[in-house]
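*Asks:* One file: structure-v9.cif (mmCIF, C-alpha atoms and all ligand atoms).
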data_structure
#
loop_
_atom_site.label_atom_id
_atom_site.label_comp_id
_atom_site.auth_asym_id
_atom_site.auth_seq_id
_atom_site.Cartn_x
_atom_site.Cartn_y
_atom_site.Cartn_z
CA MET A 323 15.50 53.31 -9.33
CA LYS A 324 12.11 51.77 -8.66
CA LEU A 325 11.25 48.07 -8.62
CA VAL A 326 8.86 46.68 -11.22
CA LEU A 327 7.71 43.18 -10.34
CA GLY A 328 5.25 40.81 -11.99
CA LEU A 329 4.48 37.25 -10.97
CA GLU A 330 3.64 33.97 -12.61
CA ILE A 331 2.31 31.39 -10.20
CA HIS A 332 2.00 27.73 -11.18
CA ILE A 333 -0.36 25.58 -9.15
CA GLN A 334 -0.75 21.83 -9.67
CA VAL A 335 -4.44 20.93 -9.63
CA ASN A 336 -5.45 18.20 -7.16
CA ALA A 337 -7.78 16.59 -9.75
CA LYS A 338 -7.95 12.78 -9.65
CA HIS A 339 -6.53 12.35 -13.17
CA LYS A 340 -3.93 14.13 -15.29
CA MET A 341 -4.95 16.97 -17.62
CA PHE A 342 -5.36 15.08 -20.88
CA CYS A 343 -5.25 11.34 -20.02
CA GLY A 344 -6.61 8.86 -17.50
CA CYS A 345 -3.39 8.44 -15.46
CA LEU A 346 -3.80 9.07 -11.73
CA ALA A 347 -2.40 12.48 -10.79
CA ASP A 348 -1.37 11.64 -7.22
CA ILE A 349 2.27 10.78 -7.90
CA TRP A 350 3.71 11.58 -4.46
CA GLN A 351 6.47 9.06 -3.69
CA ALA A 352 5.40 6.84 -6.62
CA GLU A 353 7.93 4.70 -8.49
CA PRO A 354 9.39 6.73 -11.42
CA ASN A 355 7.47 6.31 -14.70
CA SER A 356 4.69 4.30 -13.02
CA HIS A 357 1.96 6.86 -13.84
CA THR A 358 2.29 7.02 -17.60
CA CYS A 359 0.41 6.20 -20.80
CA PRO A 360 0.91 6.95 -24.54
CA THR A 361 -0.69 10.41 -24.11
CA CYS A 362 1.47 11.74 -21.28
CA LEU A 363 4.56 10.09 -22.80
CA GLY A 364 3.85 12.09 -25.95
CA LEU A 365 3.76 9.05 -28.22
CA PRO A 366 2.63 9.65 -31.84
CA GLY A 367 -1.09 9.17 -32.45
CA ALA A 368 -2.15 9.49 -28.79
CA LEU A 369 -5.06 11.92 -28.43
CA PRO A 370 -5.55 14.34 -25.50
CA VAL A 371 -8.98 14.64 -23.83
CA PRO A 372 -9.39 17.63 -21.48
CA ASN A 373 -10.14 16.84 -17.84
CA PHE A 374 -13.36 18.65 -16.87
CA GLU A 375 -12.62 18.42 -13.14
CA ALA A 376 -9.41 20.42 -13.70
CA VAL A 377 -11.27 22.95 -15.87
CA GLN A 378 -13.83 23.50 -13.09
CA LYS A 379 -11.12 23.93 -10.47
CA ALA A 380 -9.29 26.50 -12.63
CA HIS A 381 -12.59 28.35 -13.09
CA LYS A 382 -13.19 28.35 -9.32
CA LEU A 383 -9.78 29.90 -8.68
CA GLY A 384 -10.41 32.47 -11.41
CA MET A 385 -13.78 33.37 -9.87
CA VAL A 386 -12.26 33.98 -6.45
CA LEU A 387 -9.59 36.14 -8.08
CA ASN A 388 -12.47 38.17 -9.57
CA CYS A 389 -11.47 37.26 -13.13
CA VAL A 390 -13.66 37.48 -16.19
CA ILE A 391 -14.76 33.92 -17.01
CA ASN A 392 -14.47 33.58 -20.78
CA THR A 393 -17.43 31.80 -22.36
CA ASN A 394 -15.18 30.70 -25.24
CA SER A 395 -11.79 29.19 -24.61
CA HIS A 396 -9.33 26.88 -26.35
CA PHE A 397 -6.01 25.13 -25.90
CA ASP A 398 -2.89 26.10 -27.86
CA ARG A 399 0.37 24.35 -28.54
CA LYS A 400 3.39 26.16 -27.13
CA HIS A 401 6.51 24.95 -28.93
CA TYR A 402 9.90 24.63 -27.37
CA PHE A 403 12.52 21.91 -27.26
CA TYR A 404 13.44 20.37 -23.95
CA PRO A 405 14.05 16.73 -22.89
CA ASP A 406 11.19 16.83 -20.35
CA LEU A 407 8.72 17.71 -23.13
CA PRO A 408 8.58 14.72 -25.48
CA LYS A 409 6.01 16.14 -27.92
CA GLY A 410 8.18 19.18 -28.62
CA TYR A 411 5.30 21.36 -27.44
CA GLN A 412 3.30 21.92 -24.28
CA ILE A 413 -0.49 22.11 -24.41
CA SER A 414 -1.26 25.48 -22.85
CA GLN A 415 -3.55 28.45 -23.46
CA TYR A 416 -2.61 31.66 -25.21
CA LYS A 417 -5.31 33.68 -26.97
CA GLU A 418 -8.42 32.49 -25.14
CA PRO A 419 -7.51 31.51 -21.58
CA LEU A 420 -10.22 30.11 -19.27
CA CYS A 421 -10.16 33.32 -17.22
CA GLY A 422 -9.27 36.87 -18.22
CA ARG A 423 -8.53 40.00 -16.19
CA GLY A 424 -9.10 39.99 -12.46
CA CYS A 425 -7.95 41.57 -9.21
CA LEU A 426 -7.29 40.65 -5.61
CA GLU A 427 -7.27 43.11 -2.74
CA LEU A 428 -4.39 43.01 -0.26
CA ASN A 429 -4.73 43.91 3.45
CA SER A 430 -3.48 47.44 2.67
CA GLY A 431 -6.37 47.92 0.23
CA TYR A 432 -4.03 47.75 -2.80
CA CYS A 433 -5.55 45.75 -5.67
CA VAL A 434 -3.29 43.32 -7.51
CA ASP A 435 -3.92 43.44 -11.24
CA ILE A 436 -4.32 39.89 -12.58
CA GLU A 437 -3.90 39.46 -16.33
CA ARG A 438 -5.11 35.90 -16.78
CA VAL A 439 -5.63 32.45 -15.26
CA HIS A 440 -5.12 29.56 -17.65
CA LEU A 441 -4.74 25.80 -17.67
CA GLU A 442 -1.87 23.77 -19.11
CA GLU A 443 -0.03 20.48 -18.65
CA ASP A 444 3.00 20.06 -16.42
CA THR A 445 6.26 18.76 -17.89
CA ALA A 446 8.21 15.64 -16.92
CA LYS A 447 11.09 15.84 -14.47
CA SER A 448 14.75 15.39 -15.43
CA PHE A 449 17.54 14.19 -13.16
CA HIS A 450 21.21 14.70 -13.99
CA ALA A 451 23.65 12.09 -12.70
CA ASP A 452 27.01 10.70 -13.88
CA GLY A 453 26.91 12.74 -17.06
CA LYS A 454 23.54 11.31 -17.99
CA THR A 455 20.02 12.70 -17.90
CA LEU A 456 17.20 10.51 -16.58
CA ILE A 457 13.57 11.44 -17.04
CA ASP A 458 10.59 10.59 -14.82
CA PHE A 459 7.31 11.06 -16.72
CA ASN A 460 5.02 10.80 -13.67
CA LYS A 461 4.70 14.59 -13.51
CA SER A 462 4.19 14.88 -17.27
CA GLY A 463 0.62 15.91 -18.06
CA ILE A 464 -0.53 16.84 -14.55
CA ALA A 465 -2.99 19.73 -14.74
CA LEU A 466 -1.31 23.03 -13.98
CA ILE A 467 -2.99 26.39 -13.39
CA GLU A 468 -0.97 29.46 -14.25
CA ILE A 469 -1.85 32.82 -12.73
CA VAL A 470 -0.17 35.79 -14.41
CA THR A 471 -0.18 39.23 -12.80
CA ALA A 472 0.58 42.55 -14.45
CA PRO A 473 3.98 44.07 -13.53
CA CYS A 474 2.08 45.80 -10.75
CA PHE A 475 4.18 45.22 -7.63
CA GLY A 476 6.50 47.99 -6.44
CA GLN A 477 7.30 46.17 -3.21
CA VAL A 478 8.32 42.59 -2.64
CA THR A 479 6.27 42.39 0.58
CA ASP A 480 3.07 42.95 -1.45
CA ALA A 481 4.11 40.17 -3.84
CA VAL A 482 4.67 37.76 -0.93
CA GLU A 483 1.29 38.65 0.61
CA PHE A 484 -0.40 38.05 -2.75
CA CYS A 485 1.25 34.62 -3.14
CA LYS A 486 0.20 33.63 0.39
CA LYS A 487 -3.38 34.71 -0.29
CA VAL A 488 -3.43 32.69 -3.52
CA GLN A 489 -2.12 29.66 -1.59
CA ASP A 490 -4.86 30.03 1.05
CA ILE A 491 -7.55 30.40 -1.62
CA ALA A 492 -6.31 27.34 -3.56
CA ARG A 493 -6.54 25.27 -0.36
CA VAL A 494 -9.89 26.60 0.84
CA CYS A 495 -11.43 26.01 -2.62
CA ASP A 496 -9.92 22.51 -2.80
CA VAL A 497 -8.11 23.37 -6.04
CA SER A 498 -4.66 22.30 -4.87
CA ASP A 499 -2.67 21.36 -1.77
CA ALA A 500 -0.41 24.23 -2.87
CA ASP A 501 2.45 22.64 -0.95
CA MET A 502 5.60 24.45 -2.07
CA GLU A 503 7.94 21.81 -0.67
CA LYS A 504 6.28 19.17 -2.84
CA GLY A 505 6.35 21.47 -5.88
CA ASN A 506 2.54 21.83 -5.97
CA MET A 507 3.04 25.59 -6.10
CA ARG A 508 5.94 27.31 -7.89
CA LEU A 509 6.69 30.97 -8.31
CA GLU A 510 8.29 32.96 -11.04
CA ALA A 511 9.25 36.60 -10.60
CA ASN A 512 9.77 39.03 -13.49
CA ILE A 513 12.00 41.74 -12.14
CA SER A 514 13.21 45.01 -13.63
CA LEU A 515 13.91 48.57 -12.55
CA ARG A 516 12.84 51.97 -13.85
CA THR A 517 13.38 55.60 -12.95
CA ALA A 518 10.89 57.62 -10.91
CA GLU A 519 10.13 59.63 -14.08
CA MET A 520 9.27 56.44 -15.98
CA GLU A 521 7.03 55.36 -13.10
CA GLN A 522 5.18 58.69 -13.17
CA ALA A 523 4.68 58.46 -16.92
CA GLY A 524 3.58 54.81 -16.63
CA ILE A 525 6.45 53.60 -18.84
CA LEU A 526 7.65 50.03 -18.31
CA PRO A 527 11.33 48.99 -18.62
CA THR A 528 12.46 47.50 -21.95
CA TYR A 529 13.90 44.34 -20.36
CA LYS A 530 12.96 41.88 -17.64
CA VAL A 531 14.86 39.30 -15.67
CA GLU A 532 12.84 36.14 -15.03
CA VAL A 533 13.70 34.23 -11.88
CA LYS A 534 12.23 30.76 -12.40
CA ASN A 535 11.08 27.88 -10.18
CA ILE A 536 11.15 29.57 -6.80
CA ASN A 537 9.85 27.11 -4.23
CA SER A 538 9.45 29.21 -1.10
CA PHE A 539 8.15 32.66 -0.17
CA ARG A 540 11.42 33.40 1.63
CA PHE A 541 13.50 32.54 -1.45
CA MET A 542 11.30 34.80 -3.55
CA GLU A 543 11.86 37.69 -1.19
CA LYS A 544 15.62 37.06 -1.19
CA ALA A 545 15.79 36.67 -4.98
CA VAL A 546 13.93 39.93 -5.60
CA LEU A 547 16.08 41.89 -3.14
CA PHE A 548 19.24 40.36 -4.65
CA GLU A 549 18.12 41.39 -8.15
CA LEU A 550 17.23 44.87 -6.92
CA ASN A 551 20.85 45.30 -5.78
CA ARG A 552 22.43 43.59 -8.77
CA GLN A 553 20.45 45.59 -11.31
CA THR A 554 20.97 48.86 -9.43
CA GLU A 555 24.75 48.28 -9.54
CA LEU A 556 24.58 47.62 -13.30
CA PHE A 557 22.68 50.86 -13.89
CA ASP A 558 25.11 52.75 -11.64
CA SER A 559 28.00 51.56 -13.82
CA GLY A 560 26.19 52.72 -16.96
CA GLN A 561 24.91 49.33 -18.16
CA THR A 562 21.38 48.00 -18.73
CA PRO A 563 20.67 44.53 -17.29
CA LYS A 564 20.33 41.76 -19.88
CA GLN A 565 16.97 40.13 -20.64
CA GLU A 566 17.58 36.66 -19.23
CA ASN A 567 16.34 33.76 -17.12
CA ARG A 568 17.98 33.34 -13.75
CA GLY A 569 17.54 30.87 -10.90
CA TRP A 570 17.83 31.32 -7.14
CA ASP A 571 20.88 29.53 -5.76
CA GLU A 572 20.42 29.04 -2.02
CA LYS A 573 24.08 28.06 -1.50
CA LYS A 574 25.39 31.15 -3.24
CA GLN A 575 22.61 33.29 -1.72
CA GLY A 576 22.10 34.88 -5.11
CA THR A 577 20.55 34.48 -8.54
CA VAL A 578 22.58 32.84 -11.33
CA SER A 579 22.16 33.20 -15.07
CA GLN A 580 20.50 30.25 -16.81
CA ARG A 581 19.60 31.39 -20.28
CA THR A 582 19.99 34.70 -22.05
CA LYS A 583 17.00 35.82 -24.02
CA GLU A 584 18.11 37.92 -26.96
CA GLU A 585 14.48 38.75 -27.71
CA ALA A 586 11.06 37.51 -26.73
CA HIS A 587 10.79 33.76 -27.28
CA ASP A 588 8.96 32.59 -30.37
CA TYR A 589 6.81 29.75 -29.12
CA ARG A 590 4.88 29.54 -32.42
CA TYR A 591 1.58 29.22 -30.59
CA PHE A 592 -1.34 27.81 -32.54
CA PRO A 593 -4.65 26.18 -31.52
CA ASP A 594 -4.25 22.48 -30.75
CA PRO A 595 -6.11 20.77 -33.62
CA ASP A 596 -6.69 17.64 -31.49
CA ILE A 597 -8.81 19.47 -28.88
CA PRO A 598 -12.14 21.09 -29.84
CA PRO A 599 -12.75 24.64 -28.55
CA LEU A 600 -14.55 24.94 -25.19
CA HIS A 601 -17.81 26.81 -24.60
CA PHE A 602 -19.25 27.59 -21.18
CA SER A 603 -22.89 28.56 -20.64
CA SER A 604 -23.92 31.31 -18.24
CA GLU A 605 -25.88 28.64 -16.30
CA TYR A 606 -22.70 26.61 -15.79
CA ILE A 607 -20.79 29.70 -14.62
CA ALA A 608 -23.59 30.80 -12.25
CA LYS A 609 -23.87 27.31 -10.76
CA LEU A 610 -20.14 27.03 -10.18
CA LYS A 611 -20.11 30.48 -8.52
CA GLN A 612 -22.79 29.28 -6.10
CA SER A 613 -20.69 26.26 -5.19
CA LEU A 614 -17.75 28.35 -3.99
CA PRO A 615 -16.96 27.79 -0.31
CA GLU A 616 -16.66 30.48 2.34
CA LEU A 617 -13.58 32.52 1.41
CA PRO A 618 -10.94 33.80 3.83
CA HIS A 619 -12.25 37.39 3.92
CA GLN A 620 -15.84 36.17 4.42
CA LEU A 621 -14.73 33.82 7.19
CA LYS A 622 -12.90 36.69 8.90
CA THR A 623 -16.07 38.80 8.95
CA ARG A 624 -18.06 35.87 10.36
CA LEU A 625 -15.53 35.12 13.11
CA VAL A 626 -15.63 38.76 14.23
CA LYS A 627 -19.42 39.10 13.97
CA ASP A 628 -20.66 35.72 15.23
CA TYR A 629 -17.94 34.81 17.71
CA GLY A 630 -16.83 38.23 18.89
CA LEU A 631 -13.16 37.62 18.00
CA LYS A 632 -10.88 40.62 17.60
CA PRO A 633 -9.84 41.16 13.93
CA ALA A 634 -6.23 40.22 14.76
CA SER A 635 -7.35 36.89 16.24
CA ALA A 636 -9.68 36.26 13.31
CA GLU A 637 -6.77 36.92 10.92
CA PHE A 638 -4.93 33.94 12.46
CA PHE A 639 -7.75 31.59 11.41
CA VAL A 640 -8.06 32.83 7.83
CA SER A 641 -4.43 32.48 6.70
CA GLY A 642 -1.76 29.80 6.55
CA LEU A 643 -2.08 26.91 8.99
CA GLY A 644 -4.84 28.65 10.94
CA ILE A 645 -7.40 27.78 8.23
CA GLU A 646 -7.16 24.08 9.09
CA LEU A 647 -7.95 24.85 12.73
CA VAL A 648 -11.31 26.52 12.00
CA PRO A 649 -13.48 23.37 12.34
CA LYS A 650 -11.78 22.57 15.66
CA PHE A 651 -12.18 26.16 16.83
CA GLU A 652 -15.91 26.05 16.07
CA ARG A 653 -16.40 22.70 17.87
CA VAL A 654 -14.53 23.76 21.01
CA ALA A 655 -16.17 27.20 21.04
CA MET A 656 -19.53 25.40 21.08
CA LEU A 657 -18.49 22.95 23.80
CA THR A 658 -17.18 25.69 26.08
CA ASN A 659 -19.50 28.51 25.03
CA ASP A 660 -16.32 30.57 25.08
CA PRO A 661 -15.11 31.45 21.57
CA VAL A 662 -12.62 34.11 22.71
CA GLY A 663 -11.02 31.75 25.24
CA THR A 664 -10.91 28.97 22.64
CA ALA A 665 -9.25 31.26 20.10
CA ASN A 666 -6.68 32.38 22.66
CA VAL A 667 -5.70 28.81 23.50
CA LEU A 668 -5.40 27.79 19.82
CA ILE A 669 -3.41 30.89 18.90
CA ASN A 670 -1.05 30.98 21.88
CA LYS A 671 -0.50 27.29 22.62
CA ALA A 672 0.82 25.71 19.42
CA GLY A 673 1.46 22.42 21.25
CA LEU A 674 -2.26 21.96 22.00
CA ARG A 675 -3.49 22.39 18.42
CA THR A 676 -3.34 18.65 17.75
CA SER A 677 -5.22 17.78 20.98
CA SER A 678 -8.76 16.42 20.75
CA SER A 679 -11.64 18.89 20.94
CA GLU A 680 -12.57 17.51 24.39
CA ASP A 681 -9.06 18.04 25.80
CA LEU A 682 -8.93 21.51 24.33
CA ALA A 683 -12.30 22.33 25.88
CA LYS A 684 -10.96 21.24 29.31
CA GLU A 685 -7.95 23.52 28.83
CA VAL A 686 -10.18 26.45 27.89
CA VAL A 687 -12.41 25.93 30.96
CA GLN A 688 -9.39 25.56 33.25
CA LYS A 689 -7.83 28.73 31.90
CA ARG A 690 -11.10 30.57 32.35
CA SER A 691 -11.44 29.61 36.02
CA SER A 692 -7.89 30.72 36.73
CA HIS A 693 -8.64 34.18 35.41
CA THR A 694 -10.73 36.31 37.76
CA LEU A 695 -12.13 39.62 36.73
CA THR A 696 -11.55 42.74 38.82
CA VAL A 697 -14.44 44.35 40.68
CA SER A 698 -14.37 47.40 38.40
CA GLU A 699 -14.59 45.14 35.33
CA LEU A 700 -17.53 43.34 36.92
CA THR A 701 -19.26 46.60 37.91
CA GLU A 702 -19.13 47.65 34.28
CA VAL A 703 -20.72 44.36 33.18
CA VAL A 704 -23.44 44.60 35.84
CA SER A 705 -24.34 48.17 34.80
CA LYS A 706 -24.52 47.09 31.15
CA VAL A 707 -26.88 44.21 31.97
CA ILE A 708 -29.11 46.43 34.09
CA VAL A 709 -29.43 49.03 31.33
CA ALA A 710 -30.21 46.33 28.77
CA ASN A 711 -32.98 44.68 30.84
CA PRO A 712 -35.18 47.43 32.37
CA GLU A 713 -38.30 45.19 32.61
CA VAL A 714 -36.49 42.40 34.45
CA VAL A 715 -35.00 44.96 36.84
CA ALA A 716 -38.49 46.35 37.49
CA ASN A 717 -39.78 42.81 38.19
CA TYR A 718 -36.98 42.23 40.68
CA LYS A 719 -37.71 45.51 42.40
CA GLY A 720 -41.35 44.41 42.54
CA GLY A 721 -40.23 41.39 44.58
CA LYS A 722 -39.72 38.70 41.91
CA GLU A 723 -36.63 36.80 43.12
CA SER A 724 -36.28 34.74 39.92
CA ALA A 725 -35.64 37.97 38.01
CA LEU A 726 -32.34 38.24 39.89
CA GLN A 727 -31.30 34.80 38.64
CA PHE A 728 -31.92 35.91 35.08
CA LEU A 729 -29.73 38.99 35.55
CA VAL A 730 -26.95 36.87 37.08
CA GLY A 731 -27.16 34.56 34.04
CA GLN A 732 -26.83 37.52 31.70
CA CYS A 733 -23.76 38.74 33.58
CA MET A 734 -22.18 35.26 33.41
CA ARG A 735 -22.79 35.24 29.68
CA GLU A 736 -21.23 38.65 29.25
CA THR A 737 -18.12 37.55 31.12
CA GLN A 738 -18.08 34.17 29.38
CA GLY A 739 -18.35 32.46 32.76
CA LYS A 740 -15.26 34.12 34.17
CA ALA A 741 -17.02 35.91 37.05
CA ASP A 742 -17.76 34.65 40.55
CA PRO A 743 -21.61 34.47 40.82
CA ARG A 744 -21.63 35.57 44.48
CA THR A 745 -19.79 38.80 43.65
CA ILE A 746 -22.21 39.36 40.78
CA ILE A 747 -25.22 38.96 43.11
CA ASP A 748 -23.72 41.41 45.61
CA LEU A 749 -23.00 43.94 42.89
CA LEU A 750 -26.49 43.56 41.38
CA LYS A 751 -28.17 44.07 44.75
CA GLN A 752 -26.05 47.16 45.41
CA THR A 753 -26.72 48.69 42.01
CA VAL A 754 -30.41 47.97 41.43
ZN ZN B 1 -1.12 9.38 -19.01
#
Output the file's structure in the form of structure tokens.
*Replies:*
Amino acid sequence: MKLVLGLEIHIQVNAKHKMFCGCLADIWQAEPNSHTCPTCLGLPGALPVPNFEAVQKAHKLGMVLNCVINTNSHFDRKHYFYPDLPKGYQISQYKEPLCGRGCLELNSGYCVDIERVHLEEDTAKSFHADGKTLIDFNKSGIALIEIVTAPCFGQVTDAVEFCKKVQDIARVCDVSDADMEKGNMRLEANISLRTAEMEQAGILPTYKVEVKNINSFRFMEKAVLFELNRQTELFDSGQTPKQENRGWDEKKQGTVSQRTKEEAHDYRYFPDPDIPPLHFSSEYIAKLKQSLPELPHQLKTRLVKDYGLKPASAEFFVSGLGIELVPKFERVAMLTNDPVGTANVLINKAGLRTSSSEDLAKEVVQKRSSHTLTVSELTEVVSKVIVANPEVVANYKGGKESALQFLVGQCMRETQGKADPRTIIDLLKQTV
């Protein structure tokens, strides 16, 4: 049996205010129910007003994911009953999301098929203690971006790489902190299996198991592999897995059933009559596109081209924690005139990453002086410089001593200062 995996990624937007009210959205470690108002408490008569900052941030993410930016969009009500949803519906998007189809290329060249990127409001948070349920409404109404992929993953490693790339993009574009431990980014995996014949014919399975609220990449990998085994065993014993919601239980090291879905949920979507439809001009879209920052793949090209880093080293600075080190890398590379040495220190010495740029520069210079190049390495450099500067060589041969100094300087540059100048002079004199 072959794995069929689709993802839904929820990302809390780092906008100043909540999605439809003026409450501050930074609720980290705030007193429960201290960031609330009639709108995000769902009180009757309170009117939602969309937050344009959140709309722009969702558009930015959609643009980087190469999505179609819809010029017309609107918000819908998605009805379901749950204590953390006081209105009895969530304001979300169904028929006209902000962004339509898109794609993102993985390192292997495989393109992830993105169905949509839309904006909605987060729910409140419930706590269960002593047989009672307590609700904190601070999270209620925070702007939430949802990215939905097609069931296009056949391997869990591709799904993990995609999620990591989305996290990097969200951070680089200042859309979200995307901190999974704080719940800024949550994953949902839709998992099912099909036969090789179905795969060839492009037929999707008739059921899917949704694993909800996964808060780490590792848990997602474990949950998918667990489901792969569980569902394979069911098929082997002649059964078809049930359409249901399951959750990852770290203690049990497995997924557990939460809610069986007899058929697709009827959310009774309809346009929210309190919020007018949204229209976006081509000027607005073009301007926002221009404001996008340098993206990870563009940064990688620049690090290789401008700084001479190897692609593997550049990869370190365009993913995960490495992204935050880029400004420091650029400062120290300038101070030391040694980008490769700077990159090596930052990559290999994790303990030095928090040091000041000046201390790092000292370390880079020290490391450089302790590394001496072999004579054959130097001979190669000297030959290269001679070939590249025929006029200067001719001047030197004609008796111009200062020409030699220039050639020595070029050799020092080539070796990023790692060579002994006296050896260079000897080698130059021998070769010219
Ligand atoms: Zn509010």
*Asks:* I'd like the interatomic distance between CA of Val686 in chain A and CA of Asp742 in chain A, to a tenth of an Å.
*Replies:*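 CA of Asp742 in chain A lies at a distance of 16.9 Å from CA of Val686 in chain A.
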*Asks:* Just give me the gap between CA of Gly739 in chain A and CA of Thr701 in chain A in Å, one decimal is fine.
*Replies:* 15.1 Å
*Asks:* Counting all atoms listed in the file, which protein, DNA or RNA residues come within 6 Å of ligand ZN 1 (chain B), given as a list of chain:residue names?
*Replies:* A:Cys343, A:Gly344, A:Cys345, A:Thr358, A:Cys359, A:Thr361, A:Cys362
*Asks:* I'd like a table as a tab-separated table: residues in range 404-491 of chain A with an atom no more than 10 Å from range 380-387 of chain A, each row giving the shortest atom pair and its distance in Å to one decimal, all atoms listed in the file counted, sorted by chain and rising residue number.
*Replies:*
residue	atom	partner	partner_atom	distance
A:Leu420	CA	A:His381	CA	6.8
A:Cys421	CA	A:Gly384	CA	5.9
A:Gly422	CA	A:Gly384	CA	8.2
A:Arg423	CA	A:Leu387	CA	9.0
A:Gly424	CA	A:Leu387	CA	5.9
A:Cys425	CA	A:Leu387	CA	5.8
A:Leu426	CA	A:Leu387	CA	5.6
A:Glu427	CA	A:Leu387	CA	9.1
A:Val434	CA	A:Leu387	CA	9.6
A:Asp435	CA	A:Leu387	CA	9.8
A:Ile436	CA	A:Leu387	CA	7.9
A:Arg438	CA	A:Gly384	CA	8.3
A:Val439	CA	A:Gly384	CA	6.1
A:His440	CA	A:Ala380	CA	7.2
A:Leu441	CA	A:Ala380	CA	6.8
A:Ala465	CA	A:Ala380	CA	9.5
A:Leu466	CA	A:Ala380	CA	8.8
A:Ile467	CA	A:Ala380	CA	6.3
A:Glu468	CA	A:Ala380	CA	9.0
A:Ile469	CA	A:Gly384	CA	8.7
A:Val488	CA	A:Leu387	CA	8.4
A:Ile491	CA	A:Leu383	CA	7.4
*Asks:* Between A:Val640, A:Leu682, A:Val578, A:Leu327, which has the minimum distance to Thr658 in chain A (counting only C-alpha atoms)?
*Replies:*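 Between A:Val640, A:Leu682, A:Val578, A:Leu327, the residue approaching Thr658 in chain A most closely is A:Leu682.
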*Asks:* Applying 7 Å and all atoms listed in the file, which residues near range 524-539 of chain A remain after dropping the ones on its own chain fewer than 3 positions away? List them as an MDAnalysis selection string.
*Replies:* chainID A and resid 482 502:503 505 508:516 520:521 542:543 564:570
*Asks:* May I ask which of the residues A:Val546, A:Ile746, A:Ala741, A:Val470 is the closest one to Tyr416 in chain A, counting all atoms listed in the file?
*Replies:*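 Once distances to Tyr416 in chain A are computed over all atoms listed in the file, the minimum belongs to A:Val470.
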*Asks:* Report as a VMD selection string all protein, DNA and RNA residues lying within 12 Å of Glu646 in chain A, evaluated on only C-alpha atoms, omitting residues in the same chain fewer than 3 positions from it.
*Replies:* chain A and resid 490 493 to 494 618 638 to 643 649 to 652 668 675 to 676
*Asks:* I need the residues from that last selection saved to file as an mmCIF file, keeping the file's coordinate frame (with C-alpha atoms), if you can.
*Replies:*
data_model
loop_
_atom_site.group_PDB
_atom_site.id
_atom_site.type_symbol
_atom_site.label_atom_id
_atom_site.label_comp_id
_atom_site.auth_asym_id
_atom_site.auth_seq_id
_atom_site.Cartn_x
_atom_site.Cartn_y
_atom_site.Cartn_z
ATOM 1 C CA ASP A 490 -4.860 30.030 1.050
ATOM 2 C CA ARG A 493 -6.540 25.270 -0.360
ATOM 3 C CA VAL A 494 -9.890 26.600 0.840
ATOM 4 C CA PRO A 618 -10.940 33.800 3.830
ATOM 5 C CA PHE A 638 -4.930 33.940 12.460
ATOM 6 C CA PHE A 639 -7.750 31.590 11.410
ATOM 7 C CA VAL A 640 -8.060 32.830 7.830
ATOM 8 C CA SER A 641 -4.430 32.480 6.700
ATOM 9 C CA GLY A 642 -1.760 29.800 6.550
ATOM 10 C CA LEU A 643 -2.080 26.910 8.990
ATOM 11 C CA PRO A 649 -13.480 23.370 12.340
ATOM 12 C CA LYS A 650 -11.780 22.570 15.660
ATOM 13 C CA PHE A 651 -12.180 26.160 16.830
ATOM 14 C CA GLU A 652 -15.910 26.050 16.070
ATOM 15 C CA LEU A 668 -5.400 27.790 19.820
ATOM 16 C CA ARG A 675 -3.490 22.390 18.420
ATOM 17 C CA THR A 676 -3.340 18.650 17.750
#
*Asks:* I need the residue nearest Thr479 in chain A from this list: A:Leu428, A:Leu614, A:Ile747, A:Val714. Use only C-alpha atoms for the distance.
*Replies:*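 Going through A:Leu428, A:Leu614, A:Ile747, A:Val714 one by one, the smallest distance to Thr479 in chain A is for A:Leu428.
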*Asks:* Find the residue from A:Thr554, A:Gln738, A:Ser705, A:Asn711 that sits nearest to Gly663 in chain A; use all atoms listed in the file when measuring.
*Replies:*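 Looking only at the distances to Gly663 in chain A, the closest residue turns out to be A:Gln738.
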*Asks:* State, in Å with one decimal place, the distance from CA of Lys671 in chain A to CA of Gly630 in chain A.
*Replies:*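 CA of Gly630 in chain A lies at a distance of 20.0 Å from CA of Lys671 in chain A.
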*Asks:* Find the residue from A:Phe397, A:Phe403, A:Phe548, A:Phe459 that sits nearest to Phe592 in chain A; use all atoms listed in the file when measuring.
*Replies:*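 Among the listed residues, A:Phe397 lies closest to Phe592 in chain A.
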*Asks:* Just the residues within 8 Å of Asn336 in chain A, please, counting all atoms listed in the file, with nothing from its chain fewer than 6 positions along; format it as a PyMOL selection string.
*Replies:* chain A and resi 347-348+376+496-499
*Asks:* Convert the current residue selection to file output with C-alpha atoms, as a CSV table (one decimal), in the coordinates of the input.
*Replies:*
chain,number,residue,atom,x,y,z
A,347,ALA,CA,-2.4,12.5,-10.8
A,348,ASP,CA,-1.4,11.6,-7.2
A,376,ALA,CA,-9.4,20.4,-13.7
A,496,ASP,CA,-9.9,22.5,-2.8
A,497,VAL,CA,-8.1,23.4,-6.0
A,498,SER,CA,-4.7,22.3,-4.9
A,499,ASP,CA,-2.7,21.4,-1.8
